[in-house]
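*Asks:* Got a structure here, written out as C-alpha cells. Questions coming.
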2 protein chains.
Amino acid sequence: MKRTSRDIRTANRYEVLRRIIAGNPTSRQELAAATGLSLATVATLVGELLDLRMITEVGFEDSEGGRPRGLVGVNPTGGALIGVDVAETYVHAELFDLALNVVARAEVDMEPGESRPEQVVGHVAAAVGAVAARAGVEAARVLGVGVSVPGQVDRDTGVAEYAPNWNWHDVPLLGLLAEHITHPLYLDNPLRACTVAELWFGAARGRGDAVVVNLGTGVGAGLALGGGLHRGVSNSAGEWGHTTLVLDGRLCHCGNHGCVETYVGAPGIMQNLRELSPGSRLLHPGDQTATIDALAHAVAEGDPVALKVVQETARYLGAGVADLINLLNPEVVVLSSWVASRLGEPLLAEVRRAVTRHALRRPLAATEIVLSPIPTDPVSLGAATFALEGALRSAGHRTRSAGPARSRTAPPS
Amino acid sequence: MKRTSRDIRTANRYEVLRRIIAGNPTSRQELAAATGLSLATVATLVGELLDLRMITEVGFEDSEGGRPRGLVGVNPTGGALIGVDVAETYVHAELFDLALNVVARAEVDMEPGESRPEQVVGHVAAAVGAVAARAGVEAARVLGVGVSVPGQVDRDTGVAEYAPNWNWHDVPLLGLLAEHITHPLYLDNPLRACTVAELWFGAARGRGDAVVVNLGTGVGAGLALGGGLHRGVSNSAGEWGHTTLVLDGRLCHCGNHGCVETYVGAPGIMQNLRELSPGSRLLHPGDQTATIDALAHAVAEGDPVALKVVQETARYLGAGVADLINLLNPEVVVLSSWVASRLGEPLLAEVRRAVTRHALRRPLAATEIVLSPIPTDPVSLGAATFALEGALRSAGHRTRSAGPARSRTAPPS
C-alpha cells in the first residue's frame, strides 16, 4: 500500500512516455502542460528516456518568435516488445516497436486436447520465436515478453493459480517459459492486459479513473484508478462478472446465482436469445462466435428478434454498468473484448439508454461510455505494455547513479 | 489523477502521524519498520511534526544494550480539532486533542421544520461554540473544524449539492459557515467521514485496500484504496446503496428498482420484518431506531422472528458484500454506522456465512469482515480527521523553506 518516492518516479516516467507516444513528436513544454509535472521534472525524465534510447531528439518546433522548442519522439529502433495472448483456442503473439506499432504477428491454433502446461509453453515459445524471426529483430533488442493467460494469475511469483477451462492449478508457468525464452518475462491475465492497454493507448489514457468492461466468454471489469491499475490485495480485483445482478437468478459456473456474467457473457447472450426465440435461426448451439456474429449481422439488417436480444442484453449490462458508475464514479467506462467489438454501436446505444435508467444523475453526468478505440488485439498489446512497464522499472535500477542504496533495495509496493 | 511529489510527502506525513497516534509513544525505528519508509525519511517527517508541535520527544527506550532510542508521542496540548456530525435530527460536535481523544461534546436537537440552510448553520455554529467553551480551549489552538452533512457534497467548493431529506440544492454551506466560524473549515459527507475515521483510527489502518460498509437509514461503501480515500472523478464514489442487487426488485427513492439500500438500510430491514411477520410487535411504524433496537433486543433473547429477519437481511447484505469483495479484492470489509453497531455480532456472523456462499474463493480468503472498532461517533471523528489532514497539508506550505516556487503553486491533484 505504501507508495515510495521510487513508485512515484516510475509512475511519472510511465506518464511521460505515454504522452510522448501519444504526441509523437512533442516538446517538453507540452509534456509539462499535459502531465501537470514541473518543466524541471519533465526535463529530468526525458533525459532518462533519452539515455535509455527509448526516445530521440527529432528537431525543433517554431514557438511564435520565441526560442525554438526541442521535440522528442519515440525511437522506433530503440527496442522491441513482444506481447502474447494465450487463449483457450489459440496463441497469438505480436512484436511491437517502442511506439507500440505492430511489426510482426504469429498465431498458433490450439486443439482442445493441447492444454497441458508443457504444450501451452511449447506453443508460446514457438510463437515468440516465429514473431521475432519474422520481424528480423536481434534477440538483444527485445526488451521483454509479456504473456497473458486466462484465469487467476500471480504475476509476482509467475504462477498460473487457476485456469478453469484447462483445469490448471498452481502451474509455475513463468519458470516453465523461462526454460525456452531468455528475454525478461511478465505474466498476467487478459482482463488486466486489456485495462493497461486502454490506460496507455486507449480510452483511459489521461483519465483520472476508468473502468474497462470486458465482454467475452467471461466478463470482468478492469479498474484503472488514479492513473494506475487497481489490483487488490491478492491481485484478483475486477471479478465484476461474478457480482450479483439478479439475486437467486441464473446458475453461474462459479456456484453463485444471478452473476452478471450469466446474462452478458457470450453464453449468457445465447441464453437471452434462447429465452426470447427458442428455435431462432440465429442460434448456433455450441458455437458462441458464430451466434454472436449472426446476431451482429441480423441487427445490421434490422431483424426484430436480434434487436430484442441486444436490448435485453443491454438491460442487464446497463444495470451492471450503472452499478460500476455509482460505486466508483469513473470518468470513462470502456466496453472492450470481442463481444463488445462485434455487437458494436447498436449495443453501445442500448447500453447508454439502460444506464441512464439506472445510474444516479451526478456520477452519470461525469461519465462517458465508449467502445474501445484500440484497433488491434488489446490483450497482446496490453501484455507487451507490461513488458514495457517492466523495462522502465528495471531501467530505473540500472541507470540510476545517485541516491541511497536503501531505496534501491526497497521492496516494490 | 497525477500524484506529485508533494502528494506523496503529504501522504507519508499522514502515515507517520497515524503510526505515532497508534503507537503513542514510539521510536523512529519502529515507525520506519511499520511504514516501509527509510529511517532518513522518517526522521525528516518526525522533525517536521516536532516543528509543528503536533508531537513531542517523550523519553528513551532501552534497546537491549544498544544506544537508547528516542521516543516520540502526540503532543496533547499541541492543538485541538473539532468534528461536527450534522444529521437529519441532530447536530453533534466533538472537540478532540491531537491524539483524537474526545475532550468535550455538545449536541443540539433539530426539529423537522428546522432544515433551512441558515437554521442548520446556526445550530452548527452554536455547537462549535459550546464545545470550545466546554473544553476551555483558546480559539488560537483550534487547528480546524470538519463538518459532515448528509448527501452529495463538493468539498473543494464547499457546496452541499444535494441533500434529499432537506430538499437542499447547491447550498454554499462553507461560505455560510465561515460567517460564523473563523477556524479553517472542511466540508464533507458522513460516508467519507466514517471511511477516513477507519483509515486513521479503525480497522482500515495499515491495510492496503479496505471497504467501509455504512449501514444506517441510507447505505454506502466508502473505499479506502492504496492507503487513501477513493473519491472518484466528481467526488461521489461509494454509492453502493444504489447498486442493483435484485433486478426489477423493490422501488428505491432514487427511482431505480432493487437497490441494495432497499433491502439492508433501516427502512429496508423494517420491510424485511413486515414481509416475514406483518403484525410483529417488533415493528414500530415510522420509527426506524425503535424498530432496530427492538430487533436487537429480540435477537439477544433468541426470538425466532427477529433471528429470521437478521438472516434475511444478511442474505441480501452478504450478496452485496461478496460483490464488493469480488470486484475490489480488499484486505478488510468494515461494517459501520448505527444499524451495524446495534445489530452487532449476530448480524456479523450471518453476513460472514452469506458472503461465503457468494464470494469467489481466492478474494474471500484474502478478506476479513469485521465490525467497526471505533467506540465513539465515527462521523464526528472522521470530520475532525479531515481537519487534521487539512492542517497537515497546509502546514506543509507554511513550514517548507526549500524547493522551487513552482511546486508550491501547483494545484492539488
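Each chain of the C-alpha cells is named A, B, ... in the order shown, its residues numbered from 1; ligands are numbered from 1 in display order.
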Which residues, written as a list in words, have at least one atom at most 10 Å from Leu335 of chain A, with only C-alpha atoms counted and residues fewer than 4 positions away on the same chain left out?
*Replies:*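 Here the qualifying residues turn out to be Ala203, Val211, Val212, Val213, Asn214, Leu215, Ala221, Val321, Val339, Ala340, Ser341, Gly344, Leu347, Leu348, Val351, Ile369, Val370, Leu371, Ser372 and Pro373 of chain A.
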*Asks:* Write the residues you've just listed into a file as a short mmCIF file (atom, residue, chain, number, x, y, z; two decimals), in the first residue's frame, and include all heavy atoms for each of them.
*Replies:*
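Printed below is part_4.cif as written:
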```cif
data_model
loop_
_atom_site.label_atom_id
_atom_site.label_comp_id
_atom_site.auth_asym_id
_atom_site.auth_seq_id
_atom_site.Cartn_x
_atom_site.Cartn_y
_atom_site.Cartn_z
N ALA A 203 -8.91 4.48 -24.41
CA ALA A 203 -9.86 5.46 -23.90
C ALA A 203 -9.59 5.88 -22.47
O ALA A 203 -10.17 6.86 -22.00
CB ALA A 203 -11.28 4.91 -24.02
N VAL A 211 -13.03 2.47 -15.97
CA VAL A 211 -13.40 1.07 -15.82
C VAL A 211 -13.44 0.46 -17.22
O VAL A 211 -14.08 1.00 -18.12
CB VAL A 211 -14.79 0.93 -15.15
CG1 VAL A 211 -15.18 -0.54 -15.06
CG2 VAL A 211 -14.79 1.56 -13.77
N VAL A 212 -12.73 -0.66 -17.39
CA VAL A 212 -12.70 -1.34 -18.68
C VAL A 212 -13.54 -2.61 -18.55
O VAL A 212 -13.15 -3.56 -17.87
CB VAL A 212 -11.27 -1.66 -19.12
CG1 VAL A 212 -11.27 -2.36 -20.47
CG2 VAL A 212 -10.44 -0.38 -19.18
N VAL A 213 -14.72 -2.58 -19.16
CA VAL A 213 -15.65 -3.70 -19.08
C VAL A 213 -15.34 -4.68 -20.21
O VAL A 213 -15.45 -4.32 -21.38
CB VAL A 213 -17.11 -3.19 -19.18
CG1 VAL A 213 -18.08 -4.34 -19.38
CG2 VAL A 213 -17.46 -2.39 -17.93
N ASN A 214 -14.91 -5.87 -19.84
CA ASN A 214 -14.54 -6.88 -20.82
C ASN A 214 -15.69 -7.82 -21.07
O ASN A 214 -16.12 -8.53 -20.16
CB ASN A 214 -13.37 -7.70 -20.29
CG ASN A 214 -12.07 -7.22 -20.87
OD1 ASN A 214 -11.53 -7.84 -21.77
ND2 ASN A 214 -11.61 -6.09 -20.38
N LEU A 215 -16.16 -7.85 -22.31
CA LEU A 215 -17.27 -8.72 -22.66
C LEU A 215 -16.78 -9.79 -23.62
O LEU A 215 -16.57 -9.52 -24.81
CB LEU A 215 -18.38 -7.90 -23.32
CG LEU A 215 -19.01 -6.80 -22.48
CD1 LEU A 215 -19.97 -5.98 -23.33
CD2 LEU A 215 -19.74 -7.40 -21.29
N ALA A 221 -14.28 -6.49 -15.08
CA ALA A 221 -14.16 -5.03 -15.13
C ALA A 221 -12.78 -4.65 -14.60
O ALA A 221 -12.53 -4.72 -13.40
CB ALA A 221 -15.26 -4.37 -14.30
N VAL A 321 -23.42 -1.82 -15.47
CA VAL A 321 -22.53 -0.68 -15.70
C VAL A 321 -22.92 0.48 -14.79
O VAL A 321 -22.06 1.18 -14.25
CB VAL A 321 -22.52 -0.28 -17.19
CG1 VAL A 321 -21.84 1.07 -17.40
CG2 VAL A 321 -21.83 -1.36 -18.03
N VAL A 339 -16.96 -9.59 -27.83
CA VAL A 339 -18.42 -9.45 -27.90
C VAL A 339 -18.79 -7.97 -28.07
O VAL A 339 -19.65 -7.62 -28.89
CB VAL A 339 -19.10 -10.04 -26.65
CG1 VAL A 339 -20.57 -9.68 -26.59
CG2 VAL A 339 -18.92 -11.56 -26.61
N ALA A 340 -18.09 -7.08 -27.35
CA ALA A 340 -18.36 -5.65 -27.46
C ALA A 340 -18.01 -5.16 -28.86
O ALA A 340 -18.74 -4.36 -29.45
CB ALA A 340 -17.58 -4.87 -26.41
N SER A 341 -16.88 -5.64 -29.42
CA SER A 341 -16.48 -5.11 -30.72
C SER A 341 -17.39 -5.64 -31.82
O SER A 341 -17.69 -4.94 -32.77
CB SER A 341 -15.00 -5.38 -30.98
OG SER A 341 -14.81 -6.68 -31.45
N GLY A 344 -20.86 -3.91 -31.22
CA GLY A 344 -20.54 -2.52 -31.56
C GLY A 344 -21.56 -1.45 -31.19
O GLY A 344 -22.15 -1.47 -30.10
N LEU A 347 -25.14 -2.09 -29.67
CA LEU A 347 -25.09 -2.47 -28.25
C LEU A 347 -24.81 -1.23 -27.40
O LEU A 347 -25.48 -0.98 -26.39
CB LEU A 347 -24.02 -3.53 -28.02
CG LEU A 347 -23.84 -3.96 -26.55
CD1 LEU A 347 -25.06 -4.73 -26.05
CD2 LEU A 347 -22.58 -4.81 -26.36
N LEU A 348 -23.81 -0.43 -27.83
CA LEU A 348 -23.43 0.77 -27.07
C LEU A 348 -24.63 1.69 -26.87
O LEU A 348 -24.87 2.19 -25.76
CB LEU A 348 -22.31 1.50 -27.80
CG LEU A 348 -21.83 2.81 -27.16
CD1 LEU A 348 -21.18 2.54 -25.80
CD2 LEU A 348 -20.84 3.55 -28.08
N VAL A 351 -26.97 0.23 -24.34
CA VAL A 351 -26.38 0.26 -23.00
C VAL A 351 -26.49 1.66 -22.42
O VAL A 351 -26.87 1.85 -21.26
CB VAL A 351 -24.91 -0.22 -23.03
CG1 VAL A 351 -24.20 0.11 -21.71
CG2 VAL A 351 -24.85 -1.72 -23.29
N ILE A 369 -19.42 6.72 -21.74
CA ILE A 369 -19.39 5.28 -22.03
C ILE A 369 -19.01 5.12 -23.50
O ILE A 369 -19.68 5.69 -24.38
CB ILE A 369 -20.76 4.62 -21.76
CG1 ILE A 369 -21.22 4.93 -20.34
CG2 ILE A 369 -20.67 3.10 -21.98
CD1 ILE A 369 -22.64 4.47 -20.04
N VAL A 370 -17.93 4.41 -23.77
CA VAL A 370 -17.42 4.31 -25.14
C VAL A 370 -17.02 2.87 -25.47
O VAL A 370 -16.81 2.05 -24.57
CB VAL A 370 -16.16 5.21 -25.34
CG1 VAL A 370 -16.49 6.68 -25.06
CG2 VAL A 370 -15.01 4.75 -24.45
N LEU A 371 -16.93 2.59 -26.76
CA LEU A 371 -16.33 1.34 -27.21
C LEU A 371 -14.82 1.51 -27.20
O LEU A 371 -14.32 2.61 -27.42
CB LEU A 371 -16.79 1.00 -28.63
CG LEU A 371 -18.27 0.65 -28.81
CD1 LEU A 371 -18.61 0.55 -30.30
CD2 LEU A 371 -18.61 -0.67 -28.11
N SER A 372 -14.09 0.43 -26.97
CA SER A 372 -12.64 0.51 -27.01
C SER A 372 -12.18 1.02 -28.37
O SER A 372 -12.60 0.51 -29.40
CB SER A 372 -12.02 -0.86 -26.77
OG SER A 372 -10.63 -0.80 -27.05
N PRO A 373 -11.31 2.05 -28.38
CA PRO A 373 -10.81 2.57 -29.66
C PRO A 373 -9.58 1.80 -30.16
O PRO A 373 -9.04 2.16 -31.21
CB PRO A 373 -10.44 4.01 -29.31
CG PRO A 373 -10.02 3.94 -27.86
CD PRO A 373 -10.84 2.84 -27.23
#
```
*Asks:* Return the neighbours of chain B among the residues of chain A, cut-off 8 Å, counting only C-alpha atoms, as a compact mmCIF listing (two decimals) with N, CA and C atoms, in the first residue's frame.
*Replies:*
```txt
# COMPACT_ATOMS: atom_id res chain seq x y z
N MET A 1 0.81 -1.20 0.00
CA MET A 1 0.00 0.00 0.00
C MET A 1 0.86 1.27 0.00
N LYS A 2 2.02 1.24 0.68
CA LYS A 2 2.83 2.44 0.74
C LYS A 2 3.37 2.76 -0.66
N ARG A 3 3.30 4.01 -1.01
CA ARG A 3 3.94 4.44 -2.26
C ARG A 3 5.23 5.15 -1.89
N THR A 4 6.34 4.66 -2.38
CA THR A 4 7.61 5.28 -2.09
C THR A 4 7.92 6.31 -3.16
N SER A 5 9.00 7.06 -2.96
CA SER A 5 9.35 8.04 -3.98
C SER A 5 9.78 7.33 -5.27
N ILE A 8 6.63 6.75 -7.28
CA ILE A 8 6.11 7.94 -7.94
C ILE A 8 7.00 8.30 -9.13
N THR A 35 1.00 16.72 -18.30
CA THR A 35 1.13 15.84 -17.14
C THR A 35 0.92 16.57 -15.82
N GLY A 36 1.01 17.91 -15.84
CA GLY A 36 0.94 18.64 -14.59
C GLY A 36 2.23 18.61 -13.80
N LEU A 37 3.28 17.98 -14.35
CA LEU A 37 4.59 17.95 -13.69
C LEU A 37 5.32 19.25 -14.01
N SER A 38 6.31 19.60 -13.19
CA SER A 38 7.08 20.80 -13.47
C SER A 38 7.97 20.55 -14.69
N ARG A 207 -7.11 9.84 -18.29
CA ARG A 207 -8.32 9.95 -17.47
C ARG A 207 -7.99 9.60 -16.02
N GLY A 208 -8.68 10.26 -15.10
CA GLY A 208 -8.43 10.01 -13.68
C GLY A 208 -8.77 8.58 -13.30
N ASP A 209 -10.03 8.21 -13.47
CA ASP A 209 -10.47 6.88 -13.10
C ASP A 209 -11.26 6.30 -14.26
N ALA A 221 -14.28 -6.49 -15.08
CA ALA A 221 -14.16 -5.03 -15.13
C ALA A 221 -12.78 -4.65 -14.60
N GLY A 226 -6.76 6.32 -10.35
CA GLY A 226 -5.64 7.20 -10.03
C GLY A 226 -4.48 7.05 -11.01
N GLY A 227 -4.78 6.69 -12.26
CA GLY A 227 -3.74 6.58 -13.27
C GLY A 227 -3.00 5.26 -13.27
N ARG A 231 -5.16 -3.52 -8.43
CA ARG A 231 -5.03 -4.97 -8.45
C ARG A 231 -5.69 -5.65 -7.26
N GLY A 232 -5.90 -4.92 -6.17
CA GLY A 232 -6.44 -5.54 -4.96
C GLY A 232 -5.35 -6.21 -4.16
N VAL A 233 -5.72 -6.68 -2.97
CA VAL A 233 -4.72 -7.16 -2.03
C VAL A 233 -4.10 -8.48 -2.47
N SER A 234 -4.84 -9.32 -3.21
CA SER A 234 -4.24 -10.55 -3.71
C SER A 234 -4.33 -10.62 -5.23
N ASN A 235 -4.31 -9.44 -5.88
CA ASN A 235 -4.19 -9.35 -7.34
C ASN A 235 -5.38 -9.96 -8.06
N SER A 236 -6.57 -9.96 -7.46
CA SER A 236 -7.72 -10.55 -8.16
C SER A 236 -8.85 -9.55 -8.37
N ALA A 237 -8.60 -8.26 -8.19
CA ALA A 237 -9.67 -7.27 -8.38
C ALA A 237 -10.18 -7.33 -9.81
N GLY A 238 -11.45 -6.99 -9.99
CA GLY A 238 -12.03 -6.91 -11.32
C GLY A 238 -13.02 -8.00 -11.65
N GLU A 239 -13.31 -8.89 -10.68
CA GLU A 239 -14.22 -10.01 -10.97
C GLU A 239 -15.68 -9.54 -10.91
N TRP A 240 -15.96 -8.56 -11.74
CA TRP A 240 -17.30 -7.99 -11.81
C TRP A 240 -18.29 -8.97 -12.42
N HIS A 242 -18.68 -11.81 -11.65
CA HIS A 242 -19.24 -12.62 -10.56
C HIS A 242 -19.77 -11.75 -9.43
N THR A 243 -20.42 -10.63 -9.81
CA THR A 243 -21.20 -9.88 -8.84
C THR A 243 -22.67 -10.15 -9.16
N THR A 244 -23.49 -10.09 -8.12
CA THR A 244 -24.90 -10.49 -8.26
C THR A 244 -25.73 -9.36 -8.84
N LEU A 245 -26.44 -9.66 -9.93
CA LEU A 245 -27.32 -8.68 -10.55
C LEU A 245 -28.78 -9.10 -10.33
N VAL A 246 -29.01 -10.39 -10.27
CA VAL A 246 -30.37 -10.93 -10.09
C VAL A 246 -30.27 -11.95 -8.97
N LEU A 247 -30.60 -11.52 -7.74
CA LEU A 247 -30.49 -12.44 -6.60
C LEU A 247 -31.31 -13.70 -6.89
N CYS A 254 -19.49 -20.41 -11.28
CA CYS A 254 -18.76 -20.15 -10.03
C CYS A 254 -19.51 -20.72 -8.83
N GLY A 255 -20.75 -21.19 -9.05
CA GLY A 255 -21.52 -21.77 -7.96
C GLY A 255 -22.58 -20.81 -7.42
N ASN A 256 -22.41 -19.52 -7.72
CA ASN A 256 -23.35 -18.50 -7.28
C ASN A 256 -24.53 -18.42 -8.27
N ALA A 319 -27.70 -2.12 -16.25
CA ALA A 319 -27.85 -2.12 -14.80
C ALA A 319 -26.48 -2.37 -14.14
N GLY A 320 -25.71 -3.31 -14.71
CA GLY A 320 -24.39 -3.62 -14.15
C GLY A 320 -23.41 -2.47 -14.32
N ALA A 322 -24.22 0.68 -14.60
CA ALA A 322 -24.68 1.73 -13.69
C ALA A 322 -24.16 1.48 -12.27
N ASP A 323 -24.12 0.21 -11.87
CA ASP A 323 -23.55 -0.13 -10.55
C ASP A 323 -22.10 0.34 -10.45
N LEU A 324 -21.32 0.08 -11.51
CA LEU A 324 -19.91 0.50 -11.51
C LEU A 324 -19.79 2.02 -11.44
N ASN A 326 -22.07 4.16 -10.16
CA ASN A 326 -22.49 4.64 -8.83
C ASN A 326 -21.42 4.35 -7.78
N LEU A 327 -20.82 3.16 -7.85
CA LEU A 327 -19.85 2.78 -6.83
C LEU A 327 -18.52 3.51 -6.99
N LEU A 328 -18.03 3.62 -8.25
CA LEU A 328 -16.66 4.07 -8.46
C LEU A 328 -16.55 5.49 -9.00
N ASN A 329 -17.62 6.04 -9.57
CA ASN A 329 -17.61 7.40 -10.09
C ASN A 329 -16.44 7.62 -11.08
N PRO A 330 -16.37 6.75 -12.12
CA PRO A 330 -15.25 6.87 -13.07
C PRO A 330 -15.49 7.97 -14.10
N GLU A 331 -14.41 8.37 -14.77
CA GLU A 331 -14.51 9.38 -15.82
C GLU A 331 -14.95 8.73 -17.14
N ARG A 357 -31.32 4.87 -17.19
CA ARG A 357 -32.45 4.50 -16.33
C ARG A 357 -32.00 4.11 -14.93
N HIS A 358 -30.75 3.62 -14.79
CA HIS A 358 -30.32 3.04 -13.51
C HIS A 358 -29.38 3.91 -12.70
N ALA A 359 -28.52 4.70 -13.35
CA ALA A 359 -27.45 5.38 -12.61
C ALA A 359 -27.95 6.65 -11.93
N LEU A 360 -27.26 7.07 -10.88
CA LEU A 360 -27.55 8.34 -10.23
C LEU A 360 -27.12 9.47 -11.15
N ARG A 362 -25.73 12.51 -10.79
CA ARG A 362 -24.44 13.21 -10.74
C ARG A 362 -23.27 12.37 -11.25
N PRO A 363 -23.08 11.15 -10.74
CA PRO A 363 -21.97 10.37 -11.33
C PRO A 363 -22.18 10.07 -12.81
N ALA A 366 -20.86 12.71 -15.02
CA ALA A 366 -19.40 12.81 -15.04
C ALA A 366 -18.75 11.68 -15.86
N ARG A 406 19.62 2.24 0.12
CA ARG A 406 18.38 1.76 0.73
C ARG A 406 17.21 1.74 -0.25
N SER A 407 17.08 2.84 -1.03
CA SER A 407 15.91 2.91 -1.90
C SER A 407 16.02 1.91 -3.05
```
*Asks:* Please run DSSP on the backbone and report, as a ChimeraX atom specification, all residues within segment 115-193 of chain A that come out as strand (DSSP E).
*Replies:* /A:142-148,152-154,159-163,168-171,185-188
*Asks:* Those same residues, written as a PDB file, in the first residue's frame with N, CA, C and O atoms?
*Replies:*
```
ATOM      1  N   VAL A 142      15.123  -7.153 -27.987  1.00  0.00           N
ATOM      2  CA  VAL A 142      13.826  -7.432 -27.356  1.00  0.00           C
ATOM      3  C   VAL A 142      13.913  -7.096 -25.860  1.00  0.00           C
ATOM      4  O   VAL A 142      14.651  -7.731 -25.112  1.00  0.00           O
ATOM      5  N   LEU A 143      13.171  -6.065 -25.448  1.00  0.00           N
ATOM      6  CA  LEU A 143      13.262  -5.609 -24.059  1.00  0.00           C
ATOM      7  C   LEU A 143      12.490  -6.506 -23.105  1.00  0.00           C
ATOM      8  O   LEU A 143      12.746  -6.496 -21.902  1.00  0.00           O
ATOM      9  N   GLY A 144      11.537  -7.258 -23.638  1.00  0.00           N
ATOM     10  CA  GLY A 144      10.771  -8.125 -22.760  1.00  0.00           C
ATOM     11  C   GLY A 144       9.615  -8.780 -23.492  1.00  0.00           C
ATOM     12  O   GLY A 144       9.222  -8.338 -24.579  1.00  0.00           O
ATOM     13  N   VAL A 145       9.087  -9.835 -22.877  1.00  0.00           N
ATOM     14  CA  VAL A 145       7.954 -10.566 -23.433  1.00  0.00           C
ATOM     15  C   VAL A 145       6.864 -10.617 -22.360  1.00  0.00           C
ATOM     16  O   VAL A 145       7.093 -11.122 -21.260  1.00  0.00           O
ATOM     17  N   GLY A 146       5.696 -10.070 -22.700  1.00  0.00           N
ATOM     18  CA  GLY A 146       4.550 -10.155 -21.793  1.00  0.00           C
ATOM     19  C   GLY A 146       3.642 -11.281 -22.247  1.00  0.00           C
ATOM     20  O   GLY A 146       3.387 -11.431 -23.443  1.00  0.00           O
ATOM     21  N   VAL A 147       3.187 -12.094 -21.302  1.00  0.00           N
ATOM     22  CA  VAL A 147       2.338 -13.228 -21.647  1.00  0.00           C
ATOM     23  C   VAL A 147       1.050 -13.139 -20.832  1.00  0.00           C
ATOM     24  O   VAL A 147       1.093 -13.054 -19.598  1.00  0.00           O
ATOM     25  N   SER A 148      -0.085 -13.145 -21.520  1.00  0.00           N
ATOM     26  CA  SER A 148      -1.379 -13.147 -20.843  1.00  0.00           C
ATOM     27  C   SER A 148      -1.986 -14.538 -20.936  1.00  0.00           C
ATOM     28  O   SER A 148      -2.108 -15.092 -22.018  1.00  0.00           O
ATOM     29  N   GLN A 152      -6.827 -16.910 -12.944  1.00  0.00           N
ATOM     30  CA  GLN A 152      -6.163 -16.239 -11.835  1.00  0.00           C
ATOM     31  C   GLN A 152      -4.664 -16.407 -11.977  1.00  0.00           C
ATOM     32  O   GLN A 152      -4.167 -17.530 -12.056  1.00  0.00           O
ATOM     33  N   VAL A 153      -3.939 -15.290 -11.998  1.00  0.00           N
ATOM     34  CA  VAL A 153      -2.502 -15.314 -12.223  1.00  0.00           C
ATOM     35  C   VAL A 153      -1.818 -14.519 -11.123  1.00  0.00           C
ATOM     36  O   VAL A 153      -2.250 -13.414 -10.809  1.00  0.00           O
ATOM     37  N   ASP A 154      -0.775 -15.071 -10.532  1.00  0.00           N
ATOM     38  CA  ASP A 154       0.048 -14.302  -9.597  1.00  0.00           C
ATOM     39  C   ASP A 154       1.277 -13.807 -10.347  1.00  0.00           C
ATOM     40  O   ASP A 154       2.212 -14.544 -10.602  1.00  0.00           O
ATOM     41  N   VAL A 159       3.022 -17.637 -11.188  1.00  0.00           N
ATOM     42  CA  VAL A 159       2.230 -18.872 -11.129  1.00  0.00           C
ATOM     43  C   VAL A 159       0.829 -18.632 -11.700  1.00  0.00           C
ATOM     44  O   VAL A 159       0.170 -17.652 -11.353  1.00  0.00           O
ATOM     45  N   ALA A 160       0.404 -19.539 -12.601  1.00  0.00           N
ATOM     46  CA  ALA A 160      -0.981 -19.549 -13.059  1.00  0.00           C
ATOM     47  C   ALA A 160      -1.766 -20.338 -12.015  1.00  0.00           C
ATOM     48  O   ALA A 160      -1.718 -21.565 -11.979  1.00  0.00           O
ATOM     49  N   GLU A 161      -2.470 -19.592 -11.144  1.00  0.00           N
ATOM     50  CA  GLU A 161      -3.062 -20.238  -9.969  1.00  0.00           C
ATOM     51  C   GLU A 161      -4.265 -21.101 -10.319  1.00  0.00           C
ATOM     52  O   GLU A 161      -4.465 -22.166  -9.758  1.00  0.00           O
ATOM     53  N   TYR A 162      -5.062 -20.599 -11.264  1.00  0.00           N
ATOM     54  CA  TYR A 162      -6.295 -21.322 -11.554  1.00  0.00           C
ATOM     55  C   TYR A 162      -6.802 -20.929 -12.943  1.00  0.00           C
ATOM     56  O   TYR A 162      -7.058 -19.762 -13.213  1.00  0.00           O
ATOM     57  N   ALA A 163      -6.884 -21.898 -13.835  1.00  0.00           N
ATOM     58  CA  ALA A 163      -7.475 -21.677 -15.152  1.00  0.00           C
ATOM     59  C   ALA A 163      -8.547 -22.746 -15.340  1.00  0.00           C
ATOM     60  O   ALA A 163      -8.253 -23.891 -15.656  1.00  0.00           O
ATOM     61  N   TRP A 168      -6.183 -26.062 -14.718  1.00  0.00           N
ATOM     62  CA  TRP A 168      -4.849 -25.768 -14.193  1.00  0.00           C
ATOM     63  C   TRP A 168      -4.954 -25.314 -12.741  1.00  0.00           C
ATOM     64  O   TRP A 168      -5.796 -24.463 -12.415  1.00  0.00           O
ATOM     65  N   HIS A 169      -4.090 -25.844 -11.904  1.00  0.00           N
ATOM     66  CA  HIS A 169      -3.995 -25.394 -10.519  1.00  0.00           C
ATOM     67  C   HIS A 169      -2.533 -25.140 -10.183  1.00  0.00           C
ATOM     68  O   HIS A 169      -1.717 -26.065 -10.256  1.00  0.00           O
ATOM     69  N   ASP A 170      -2.204 -23.909  -9.852  1.00  0.00           N
ATOM     70  CA  ASP A 170      -0.856 -23.549  -9.403  1.00  0.00           C
ATOM     71  C   ASP A 170       0.240 -24.072 -10.328  1.00  0.00           C
ATOM     72  O   ASP A 170       1.144 -24.796  -9.900  1.00  0.00           O
ATOM     73  N   VAL A 171       0.151 -23.715 -11.587  1.00  0.00           N
ATOM     74  CA  VAL A 171       1.169 -24.078 -12.573  1.00  0.00           C
ATOM     75  C   VAL A 171       2.281 -23.020 -12.556  1.00  0.00           C
ATOM     76  O   VAL A 171       1.987 -21.830 -12.748  1.00  0.00           O
ATOM     77  N   LEU A 185      10.538 -11.886 -18.736  1.00  0.00           N
ATOM     78  CA  LEU A 185       9.164 -12.350 -18.927  1.00  0.00           C
ATOM     79  C   LEU A 185       8.223 -11.708 -17.915  1.00  0.00           C
ATOM     80  O   LEU A 185       8.595 -11.510 -16.754  1.00  0.00           O
ATOM     81  N   TYR A 186       7.013 -11.400 -18.348  1.00  0.00           N
ATOM     82  CA  TYR A 186       5.997 -10.793 -17.488  1.00  0.00           C
ATOM     83  C   TYR A 186       4.684 -11.532 -17.696  1.00  0.00           C
ATOM     84  O   TYR A 186       4.186 -11.601 -18.810  1.00  0.00           O
ATOM     85  N   LEU A 187       4.143 -12.075 -16.614  1.00  0.00           N
ATOM     86  CA  LEU A 187       2.931 -12.876 -16.712  1.00  0.00           C
ATOM     87  C   LEU A 187       1.754 -12.105 -16.129  1.00  0.00           C
ATOM     88  O   LEU A 187       1.862 -11.476 -15.077  1.00  0.00           O
ATOM     89  N   ASP A 188       0.609 -12.146 -16.813  1.00  0.00           N
ATOM     90  CA  ASP A 188      -0.611 -11.570 -16.244  1.00  0.00           C
ATOM     91  C   ASP A 188      -1.824 -12.156 -16.953  1.00  0.00           C
ATOM     92  O   ASP A 188      -1.681 -13.115 -17.711  1.00  0.00           O
TER      93      ASP A 188
END
```
*Asks:* Separation of atom CA of Leu52 of chain B and atom CA of Leu392 of chain B, in Å?
*Replies:*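 Those two atoms sit 9.0 Å apart.
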